[in-house]
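Listing of query.cif; format and content: mmCIF, C-alpha atoms.
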```cif
data_target
#
loop_
_atom_site.label_atom_id
_atom_site.label_comp_id
_atom_site.auth_asym_id
_atom_site.auth_seq_id
_atom_site.Cartn_x
_atom_site.Cartn_y
_atom_site.Cartn_z
CA PRO F 9 86.10 -106.22 82.94
CA TRP F 10 89.34 -108.10 83.72
CA ALA F 11 91.50 -104.95 83.94
CA GLN F 12 89.82 -102.74 86.54
CA PRO F 13 91.88 -100.71 89.04
CA LEU F 14 90.28 -102.46 92.02
CA MET F 15 93.09 -101.64 94.44
CA GLU F 16 92.81 -97.94 93.63
CA VAL F 17 89.02 -98.08 93.97
CA ARG F 18 89.39 -99.82 97.34
CA ALA F 19 91.94 -97.27 98.56
CA TYR F 20 89.64 -94.32 97.75
CA PHE F 21 86.07 -95.65 98.14
CA GLY F 22 86.50 -98.64 100.44
CA GLU F 23 86.04 -102.39 100.22
CA LYS F 24 82.29 -102.35 99.58
CA VAL F 25 82.51 -100.28 96.42
CA ALA F 26 85.56 -102.21 95.22
CA LEU F 27 83.80 -105.53 95.79
CA TYR F 28 80.80 -104.30 93.81
CA PHE F 29 82.96 -103.51 90.79
CA ALA F 30 84.83 -106.79 91.21
CA TRP F 31 81.55 -108.69 91.18
CA LEU F 32 80.17 -106.66 88.26
CA ALA F 33 83.26 -107.41 86.17
CA PHE F 34 83.21 -111.08 87.15
CA TYR F 35 79.52 -111.40 86.30
CA GLY F 36 79.94 -109.65 82.96
CA TYR F 37 82.86 -111.89 82.06
CA TYR F 38 80.98 -115.10 82.91
CA LEU F 39 77.96 -113.99 80.86
CA ILE F 40 80.11 -114.53 77.78
CA TYR F 41 79.63 -118.32 78.08
CA PRO F 42 75.80 -118.44 77.93
CA ALA F 43 75.84 -115.71 75.29
CA LEU F 44 78.08 -117.77 72.99
CA PHE F 45 76.17 -121.00 73.63
CA CYS F 46 72.76 -119.44 73.01
CA ALA F 47 74.08 -117.68 69.91
CA ALA F 48 75.25 -121.06 68.57
CA VAL F 49 71.83 -122.61 69.27
CA TYR F 50 70.10 -119.69 67.58
CA ALA F 51 72.37 -120.05 64.54
CA TYR F 52 71.56 -123.78 64.39
CA ASP F 53 67.79 -123.12 64.58
CA SER F 54 68.07 -120.48 61.86
CA ALA F 55 70.09 -122.76 59.60
CA LYS F 56 67.69 -125.70 60.07
CA ASP F 57 64.61 -123.44 59.95
CA VAL F 58 63.33 -124.82 63.26
CA ASP F 59 59.94 -123.56 64.46
CA ASP F 60 60.03 -123.13 68.25
CA GLU F 61 56.23 -123.12 68.50
CA GLU F 62 55.85 -126.41 66.67
CA GLU F 63 54.53 -129.27 68.80
CA GLY F 64 56.96 -131.99 69.78
CA VAL F 65 60.26 -132.33 71.57
CA HIS F 66 62.86 -129.64 70.89
CA VAL F 67 66.24 -131.01 71.88
CA GLU F 68 67.98 -127.65 71.63
CA GLN F 69 65.65 -126.14 74.25
CA PHE F 70 66.55 -128.90 76.70
CA LEU F 71 70.22 -128.30 75.95
CA VAL F 72 69.88 -124.58 76.65
CA ALA F 73 68.02 -125.22 79.92
CA GLY F 74 70.59 -127.79 81.06
CA PHE F 75 73.49 -125.54 80.10
CA LEU F 76 72.06 -122.59 82.04
CA VAL F 77 71.55 -124.71 85.16
CA ALA F 78 75.13 -126.02 84.99
CA TRP F 79 76.49 -122.55 84.22
CA SER F 80 74.71 -120.96 87.18
CA ALA F 81 76.17 -123.56 89.57
CA TYR F 82 79.64 -123.11 88.08
CA TYR F 83 79.32 -119.31 88.26
CA LYS F 84 78.31 -119.40 91.92
CA GLU F 85 81.20 -121.64 92.94
CA SER F 86 83.65 -119.54 90.94
CA TRP F 87 82.44 -116.31 92.53
CA ASP F 88 82.76 -117.83 96.00
CA ILE F 89 86.41 -118.49 95.25
CA GLU F 90 86.92 -115.01 93.77
CA SER F 91 85.23 -113.26 96.70
CA GLN F 92 87.37 -115.20 99.18
CA TYR F 93 90.45 -114.16 97.24
CA CYS F 94 89.39 -110.50 97.44
CA ALA F 95 88.65 -110.83 101.16
CA VAL F 96 92.08 -112.32 101.88
CA ARG F 97 93.83 -109.76 99.73
CA TRP F 98 92.02 -106.82 101.34
CA GLY F 99 92.13 -108.13 104.90
CA THR F 100 88.36 -108.42 105.34
CA LEU F 101 88.06 -112.19 105.79
CA ARG F 102 85.76 -112.98 108.74
CA PHE F 103 85.68 -109.31 109.73
CA GLU F 104 82.24 -109.77 111.33
CA ALA F 105 83.90 -111.29 114.41
CA GLU F 106 85.70 -107.99 115.12
CA GLU F 107 83.20 -105.58 113.60
CA ALA F 108 82.73 -102.35 115.54
CA ASP F 109 79.37 -100.96 116.64
CA ARG F 110 77.42 -98.75 114.27
CA PRO F 111 77.54 -95.02 115.14
CA GLN F 112 73.71 -95.07 115.07
CA PHE F 113 73.51 -97.92 117.59
CA GLU F 114 71.94 -96.69 120.82
CA GLY F 115 71.77 -98.33 124.22
CA ASP F 116 68.64 -99.06 126.20
CA PRO F 117 67.45 -95.89 128.01
CA ALA F 118 67.00 -97.92 131.20
CA GLU F 119 70.50 -99.45 131.01
CA PRO F 120 72.58 -97.88 128.21
CA ARG F 121 75.82 -99.64 129.18
CA ARG F 122 76.76 -102.78 131.06
CA VAL F 123 79.70 -105.11 131.58
CA SER F 124 79.82 -107.80 128.91
CA PRO F 125 79.68 -111.34 130.36
CA ILE F 126 81.99 -112.49 127.53
CA THR F 127 84.72 -109.84 127.38
CA ASN F 128 84.23 -108.36 130.89
CA GLN F 129 84.36 -104.90 129.27
CA SER F 130 81.83 -102.09 129.43
CA GLU F 131 79.74 -102.00 126.25
CA THR F 132 76.60 -100.41 124.86
CA TYR F 133 73.64 -102.63 125.70
CA TYR F 134 70.27 -103.05 124.01
CA PRO F 135 68.02 -105.96 125.09
CA GLU F 136 67.17 -108.48 122.40
CA SER F 137 63.58 -108.72 123.70
CA LYS F 138 62.89 -105.11 122.70
CA ARG F 139 64.39 -105.68 119.27
CA THR F 140 62.22 -108.79 118.84
CA ARG F 141 59.05 -106.81 119.56
CA THR F 142 60.10 -104.19 117.02
CA ARG F 143 60.85 -106.90 114.45
CA ILE F 144 57.35 -108.35 114.92
CA VAL F 145 55.88 -104.94 114.10
CA SER F 146 58.16 -104.73 111.04
CA LEU F 147 57.04 -108.20 109.93
CA ALA F 148 53.41 -107.14 110.17
CA PHE F 149 54.23 -104.03 108.15
CA VAL F 150 55.95 -106.05 105.41
CA THR F 151 53.06 -108.53 105.24
CA LEU F 152 50.41 -105.81 105.02
CA SER F 153 52.45 -103.94 102.39
CA ILE F 154 52.67 -107.05 100.21
CA ALA F 155 48.95 -107.76 100.62
CA ALA F 156 48.05 -104.16 99.72
CA LEU F 157 50.35 -104.28 96.70
CA VAL F 158 48.90 -107.54 95.33
CA THR F 159 45.36 -106.20 95.85
CA LEU F 160 46.19 -102.98 94.02
CA ILE F 161 47.71 -104.89 91.10
CA ALA F 162 44.60 -107.10 90.86
CA VAL F 163 42.40 -103.97 90.88
CA ILE F 164 44.40 -102.53 87.97
CA PHE F 165 43.85 -105.75 85.99
CA TRP F 166 40.13 -105.55 86.74
CA LEU F 167 40.02 -101.92 85.63
CA GLN F 168 41.75 -102.87 82.40
CA TYR F 169 39.11 -105.54 81.78
CA PHE F 170 36.30 -103.17 82.78
CA PHE F 171 37.42 -100.34 80.49
CA THR F 172 38.26 -102.55 77.50
CA TYR F 173 35.47 -105.13 77.42
CA ILE F 174 32.59 -103.80 79.54
CA LEU F 175 32.58 -100.10 78.66
CA GLY F 176 34.18 -100.72 75.27
CA GLY F 177 34.58 -98.15 72.55
CA THR F 178 37.63 -96.39 71.21
CA PHE F 179 38.13 -94.04 74.16
CA TRP F 180 37.67 -96.55 76.96
CA GLY F 181 39.62 -99.14 75.02
CA GLY F 182 42.52 -96.69 74.90
CA VAL F 183 42.20 -96.09 78.63
CA GLY F 184 42.35 -99.86 79.18
CA SER F 185 45.49 -100.07 77.05
CA CYS F 186 47.16 -97.52 79.32
CA MET F 187 46.82 -99.83 82.32
CA SER F 188 50.14 -101.50 81.41
CA GLY F 189 51.80 -98.14 81.88
CA VAL F 190 50.03 -97.77 85.22
CA GLN F 191 51.42 -101.16 86.27
CA ALA F 192 54.93 -100.06 85.30
CA LEU F 193 54.63 -96.79 87.21
CA LEU F 194 53.24 -98.61 90.22
CA ILE F 195 56.38 -100.76 90.39
CA GLN F 196 58.62 -97.68 90.58
CA VAL F 197 56.42 -95.69 92.96
CA ALA F 198 55.78 -98.60 95.33
CA SER F 199 59.48 -99.46 95.41
CA SER F 200 60.41 -95.88 96.29
CA ILE F 201 57.77 -95.45 99.01
CA TYR F 202 58.30 -98.85 100.57
CA GLY F 203 62.08 -98.45 100.49
CA SER F 204 61.95 -95.30 102.61
CA VAL F 205 59.59 -96.86 105.16
CA ALA F 206 61.63 -100.09 105.26
CA VAL F 207 64.75 -98.10 106.12
CA ALA F 208 62.86 -96.34 108.92
CA ARG F 209 61.62 -99.67 110.30
CA ASN F 210 65.10 -101.13 110.10
CA ASP F 211 66.51 -98.11 111.95
CA ALA F 212 63.94 -98.64 114.70
CA GLU F 213 65.24 -102.18 115.26
CA ASN F 214 68.57 -100.66 116.38
CA TYR F 215 71.13 -103.23 115.20
CA ARG F 216 74.58 -103.23 116.72
CA THR F 217 76.71 -103.88 113.61
CA GLN F 218 76.46 -102.65 110.05
CA THR F 219 76.41 -106.22 108.74
CA ALA F 220 73.36 -107.13 110.84
CA TYR F 221 71.68 -103.88 109.82
CA GLU F 222 72.20 -104.48 106.10
CA ASN F 223 71.23 -108.16 106.23
CA ASN F 224 67.87 -107.37 107.81
CA LEU F 225 67.27 -104.48 105.41
CA ILE F 226 67.95 -106.83 102.50
CA ILE F 227 65.36 -109.29 103.81
CA LYS F 228 62.72 -106.56 104.13
CA LYS F 229 63.32 -105.10 100.69
CA PHE F 230 63.81 -108.42 98.92
CA ALA F 231 60.53 -109.84 100.25
CA PHE F 232 58.62 -106.84 98.93
CA GLU F 233 60.51 -106.42 95.65
CA VAL F 234 59.82 -110.03 94.63
CA PHE F 235 56.08 -109.35 94.71
CA ASN F 236 56.48 -105.82 93.38
CA ASN F 237 58.41 -106.84 90.28
CA TYR F 238 56.85 -110.20 89.40
CA THR F 239 53.21 -110.24 90.58
CA ALA F 240 51.88 -108.47 87.49
CA LEU F 241 53.94 -110.73 85.22
CA VAL F 242 52.76 -113.92 86.95
CA ILE F 243 49.10 -112.83 86.81
CA THR F 244 49.45 -111.99 83.11
CA ALA F 245 51.10 -115.29 82.24
CA PHE F 246 49.00 -117.71 84.30
CA PHE F 247 45.78 -116.08 85.54
CA LYS F 248 44.77 -113.24 83.22
CA GLY F 249 43.29 -115.56 80.60
CA THR F 250 41.19 -117.36 83.23
CA TYR F 251 39.89 -114.51 85.37
CA PHE F 252 40.08 -111.60 82.92
CA LYS F 253 40.79 -111.67 79.19
CA CYS F 254 43.93 -111.48 77.05
CA ASP F 255 43.91 -109.22 74.00
CA GLY F 256 47.23 -110.35 72.55
CA GLY F 257 49.29 -107.25 73.30
CA PHE F 258 51.41 -106.06 70.40
CA SER F 259 50.55 -109.17 68.37
CA GLY F 260 46.81 -108.42 68.46
CA ASP F 261 46.04 -112.12 68.75
CA ALA F 262 43.06 -112.22 71.10
CA GLY F 263 43.44 -114.88 73.76
CA ASN F 264 47.24 -114.96 73.47
CA CYS F 265 48.44 -114.10 76.98
CA LEU F 266 52.08 -114.34 75.91
CA GLY F 267 51.48 -111.29 73.73
CA ASP F 268 50.14 -109.44 76.76
CA LEU F 269 53.18 -110.56 78.72
CA GLU F 270 55.55 -109.26 76.03
CA GLU F 271 53.74 -105.91 76.00
CA LEU F 272 53.85 -105.58 79.78
CA LEU F 273 57.55 -106.45 79.90
CA ALA F 274 58.32 -103.90 77.19
CA VAL F 275 56.38 -101.17 78.98
CA ILE F 276 58.07 -101.96 82.31
CA PHE F 277 61.57 -101.83 80.82
CA ILE F 278 60.88 -98.65 78.84
CA THR F 279 59.41 -96.93 81.89
CA ARG F 280 62.31 -97.98 84.10
CA TYR F 281 64.98 -96.78 81.68
CA ALA F 282 63.11 -93.56 80.93
CA LEU F 283 62.92 -92.70 84.63
CA ALA F 284 66.58 -93.65 85.05
CA LEU F 285 67.58 -91.33 82.20
CA ILE F 286 65.50 -88.50 83.67
CA GLY F 287 67.19 -88.99 87.03
CA ALA F 288 70.65 -89.15 85.47
CA PHE F 289 70.28 -85.99 83.39
CA SER F 290 68.13 -83.92 85.75
CA ARG F 291 71.10 -82.33 87.52
CA PRO F 292 73.08 -81.48 84.34
CA ILE F 293 69.93 -79.95 82.86
CA ASN F 294 69.37 -77.86 85.98
CA ASP F 295 73.01 -76.75 85.93
CA LEU F 296 72.68 -75.80 82.26
CA ILE F 297 69.52 -73.80 82.96
CA ALA F 298 71.22 -72.02 85.86
CA TYR F 299 74.24 -71.27 83.68
CA CYS F 300 72.13 -69.90 80.80
CA THR F 301 69.86 -67.84 83.07
CA PRO F 302 70.95 -64.16 83.13
CA SER F 303 72.62 -63.33 86.42
CA CYS F 304 70.71 -60.05 86.63
CA LEU F 305 67.52 -61.97 87.50
CA GLY F 306 68.87 -62.90 90.93
CA ALA F 307 71.54 -60.27 91.48
CA GLU F 308 71.12 -57.29 93.73
CA GLU F 309 71.37 -53.79 92.31
CA GLU F 310 74.85 -52.38 92.58
CA LEU F 311 75.63 -48.85 93.55
CA PRO F 312 77.24 -46.56 90.98
CA GLY F 313 81.00 -46.75 90.98
CA GLU F 314 81.21 -50.24 92.49
CA ASP F 315 82.10 -51.86 89.15
CA ASP F 316 85.15 -49.63 88.77
CA ASP F 317 86.33 -50.44 92.29
CA ASP F 318 85.90 -54.19 91.66
CA VAL F 319 87.91 -54.02 88.45
CA GLU F 320 90.75 -52.21 90.21
CA ASN F 321 90.74 -54.69 93.09
CA ASP F 322 90.81 -57.64 90.68
CA GLN F 323 93.76 -56.17 88.84
CA GLU F 324 95.65 -55.67 92.10
CA GLU F 325 94.88 -59.10 93.57
CA GLY F 326 95.70 -61.05 90.40
CA PRO F 327 93.94 -64.18 89.10
CA PRO F 328 91.44 -65.85 91.46
CA ALA F 329 92.70 -68.82 93.43
CA GLU F 330 91.48 -72.25 92.43
CA ALA F 331 88.91 -73.70 94.83
CA PRO F 332 90.09 -76.70 96.87
CA ARG F 333 88.96 -80.09 95.64
CA PHE F 334 86.94 -80.86 98.75
CA GLU F 335 84.71 -77.84 98.05
CA SER F 336 83.74 -79.19 94.63
CA GLU F 337 83.14 -82.65 96.11
CA LEU F 338 80.85 -81.18 98.76
CA LYS F 339 78.55 -79.99 95.98
CA LEU F 340 78.10 -83.50 94.59
CA GLU F 341 74.99 -85.56 95.28
CA GLU F 342 75.05 -87.69 98.42
CA TYR F 343 75.81 -91.33 97.69
CA GLU F 344 73.60 -93.62 99.77
CA GLY F 345 75.57 -96.85 99.34
CA MET F 346 75.64 -99.91 97.12
CA PHE F 347 72.25 -101.35 98.04
CA ASP F 348 70.28 -99.78 95.19
CA ASP F 349 73.01 -100.69 92.69
CA TYR F 350 72.83 -104.34 93.66
CA ALA F 351 69.02 -104.24 93.63
CA GLU F 352 68.89 -102.86 90.08
CA ILE F 353 70.95 -105.78 88.80
#
```

Structure encoded using structure tokens:
Amino acid sequence: PWAQPLMEVRAYFGEKVALYFAWLAFYGYYLIYPALFCAAVYAYDSAKDVDDEEEGVHVEQFLVAGFLVAWSAYYKESWDIESQYCAVRWGTLRFEAEEADRPQFEGDPAEPRRVSPITNQSETYYPESKRTRTRIVSLAFVTLSIAALVTLIAVIFWLQYFFTYILGGTFWGGVGSCMSGVQALLIQVASSIYGSVAVARNDAENYRTQTAYENNLIIKKFAFEVFNNYTALVITAFFKGTYFKCDGGFSGDAGNCLGDLEELLAVIFITRYALALIGAFSRPINDLIAYCTPSCLGAEEELPGEDDDDVENDQEEGPPAEAPRFESELKLEEYEGMFDDYAEI
């Protein structure tokens, strides 16, 4: 992580992509410290045969908690210094003061342009009062989306309890066990649907600069993703035993909600990585299928004698010219920015 070609990445992809890789390398490097410390604590517990579930004070747990708090503060301060170094080196320090308007920024239909009272130059104008009204509608949308999500998650927990303990039996018990998979799929589906609508709402607010646009999009998505990713886990850990019933998950220890939490976490991670693998290999698989499919299935019938003419023309013209690089790059998938990459981490 400490030997990345960041300057080359910046020259080709821009500062945003280069800063992402700089942060990713910095974060990976600083994770070495808690990994070594926790490994040492684990080795000590194994050597002393310490039981973590035994009642009493466990000094090593307090040490780990204190170390992680101190490490997180040290990591944040160190990254602030590193990011400032990158900004100075790349000439992007305090660029917001001179940031240009977004190409998608549109002026007010009633008064699209006016003379700025600050610079005395003609500029695209959009009244803040209209943007405020649009932001109120977006706030209502975010609030209703979160409320609907929490309600749906609670309904899934109730269905799990209903199938497992009220209907009972082998079949309905198996259906109840599948509810963890439904929770995991709900996280992915809700994130995808809400993300598209959040982008549309953010576009409607018509921000002048890209920085303002991205900051408000982050707020919308972060507010929803917190509830989307952690509501089911919080209910399982703190409320499932009170309002529903814990079956112990993989451990099978009835009443042990931590076992249910471990099972739900495992299902969520497996589902997320499985969908990521499907998305990563879907295009190569489609290309392989297209390559292995006989061309005669989609080719038009050729008239007699055309093959001979084509062979003669190929021999006269020589080897085919290599396609320009931009043509191959045009066939690549569209890259929508760094937002989803940051959100995954």

Original post:
CA of Pro13 in chain F to CA of Ala33 in chain F: how many Å, to one decimal?
Top reply: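 Going from CA of Pro13 in chain F over to CA of Ala33 in chain F, I get 11.3 Å.
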
Subject >> Matched chain/residue IDs from the PyMOL selection byres ((chain F and resi 153) around 12), as a ChimeraX atom specification >> reply: /F:146-152,154-160,198-199,201-203,205-206,228-229,231-233,235-236

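Here CA of Ile144 in chain F is placed at a distance of 11.7 Å from CA of Ala212 in chain F.
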
Original post:
Pick the closest to Trp98 in chain F from F:Ala26, F:Ser124, F:Val49, F:Trp79: which is it, counting all atoms listed in the file?
Top reply: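 Closest to Trp98 in chain F of all the choices is F:Ala26.
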
**OP:** Can you pull out every residue within 12 Å of Tyr221 in chain F, counting all atoms listed in the file, but drop anything in the same chain fewer than 2 positions away, and send it as a ChimeraX atom specification?
**Re:** /F:109-113,206-219,223-228

Keeping only C-alpha atoms, write the selected residues to a file as a short mmCIF file (atom, residue, chain, number, x, y, z; two decimals), in the frame of the given file.
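Saved file part_20.cif follows:
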```cif
data_model
loop_
_atom_site.label_atom_id
_atom_site.label_comp_id
_atom_site.auth_asym_id
_atom_site.auth_seq_id
_atom_site.Cartn_x
_atom_site.Cartn_y
_atom_site.Cartn_z
CA ASP F 109 79.37 -100.96 116.64
CA ARG F 110 77.42 -98.75 114.27
CA PRO F 111 77.54 -95.02 115.14
CA GLN F 112 73.71 -95.07 115.07
CA PHE F 113 73.51 -97.92 117.59
CA ALA F 206 61.63 -100.09 105.26
CA VAL F 207 64.75 -98.10 106.12
CA ALA F 208 62.86 -96.34 108.92
CA ARG F 209 61.62 -99.67 110.30
CA ASN F 210 65.10 -101.13 110.10
CA ASP F 211 66.51 -98.11 111.95
CA ALA F 212 63.94 -98.64 114.70
CA GLU F 213 65.24 -102.18 115.26
CA ASN F 214 68.57 -100.66 116.38
CA TYR F 215 71.13 -103.23 115.20
CA ARG F 216 74.58 -103.23 116.72
CA THR F 217 76.71 -103.88 113.61
CA GLN F 218 76.46 -102.65 110.05
CA THR F 219 76.41 -106.22 108.74
CA ASN F 223 71.23 -108.16 106.23
CA ASN F 224 67.87 -107.37 107.81
CA LEU F 225 67.27 -104.48 105.41
CA ILE F 226 67.95 -106.83 102.50
CA ILE F 227 65.36 -109.29 103.81
CA LYS F 228 62.72 -106.56 104.13
#
```

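Closest approach to Asp268 in chain F among F:Ile126, F:Leu285, F:Ile243, F:Val67 is made by F:Ile243 (distances from only C-alpha atoms).
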
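Computed from the coordinates, the CA of Tyr35 in chain F to CA of Gln69 in chain F distance equals 23.6 Å.
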
Where does range 9-66 of chain F meet range 83-86 of chain F within 12 Å, residue by residue, with the nearest atom pair and distance in Å to one decimal for each, counting all atoms listed in the file, listed by chain and rising number, as a Markdown table?
```
| residue | atom | partner | partner_atom | distance |
| --- | --- | --- | --- | --- |
| F:Trp31 | CA | F:Ser86 | CA | 11.1 |
| F:Phe34 | CA | F:Tyr83 | CA | 9.2 |
| F:Tyr35 | CA | F:Tyr83 | CA | 8.2 |
| F:Gly36 | CA | F:Tyr83 | CA | 11.0 |
| F:Tyr37 | CA | F:Tyr83 | CA | 10.3 |
| F:Tyr38 | CA | F:Tyr83 | CA | 7.0 |
| F:Leu39 | CA | F:Tyr83 | CA | 9.2 |
| F:Ile40 | CA | F:Tyr83 | CA | 11.5 |
| F:Tyr41 | CA | F:Tyr83 | CA | 10.2 |
| F:Pro42 | CA | F:Tyr83 | CA | 10.9 |
```

**OP:** Go through F:Leu71, F:Val96, F:Ile286, F:Val163 one by one, measure the shortest atom-to-atom distance of each to Glu23 in chain F using only C-alpha atoms, and give the residue with the smallest value.
**Re:** F:Val96

Subject >> Contact residues around Glu271 in chain F with all atoms listed in the file at 12 Å, ignoring same-chain residues under 5 positions, as a list in words >> reply: Ser185, Cys186, Met187, Ser188, Gly189, Gln191, Ala192, Ala240, Leu241, Thr244, Ala245, Cys254, Asp255, Gly256, Gly257, Phe258, Ser259, Gly260, Asn264, Cys265, Leu266, Ile276, Phe277 and Ile278 of chain F

Edge lengths and centre, in Å to one decimal, as lines of an AutoDock Vina configuration file: that's what I need for the box along x, y and z that holds all listed atoms of range 108-116 of chain F plus 3 Å on each side.
```
center_x = 75.7
center_y = -98.7
center_z = 120.2
size_x = 20.1
size_y = 13.3
size_z = 17.9
```

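Among the candidates F:Leu296, F:Arg291, F:Arg280, F:Phe179, the one nearest to Glu341 in chain F when counting all atoms listed in the file is F:Arg291.
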
**OP:** Using the chain letters and residue numbers of this document, give as a PyMOL selection string the residues selected by the PyMOL selection byres ((chain F and resi 349-351) around 10).
**Re:** chain F and resi 28+32+226+229-230+233+345-348+352-353
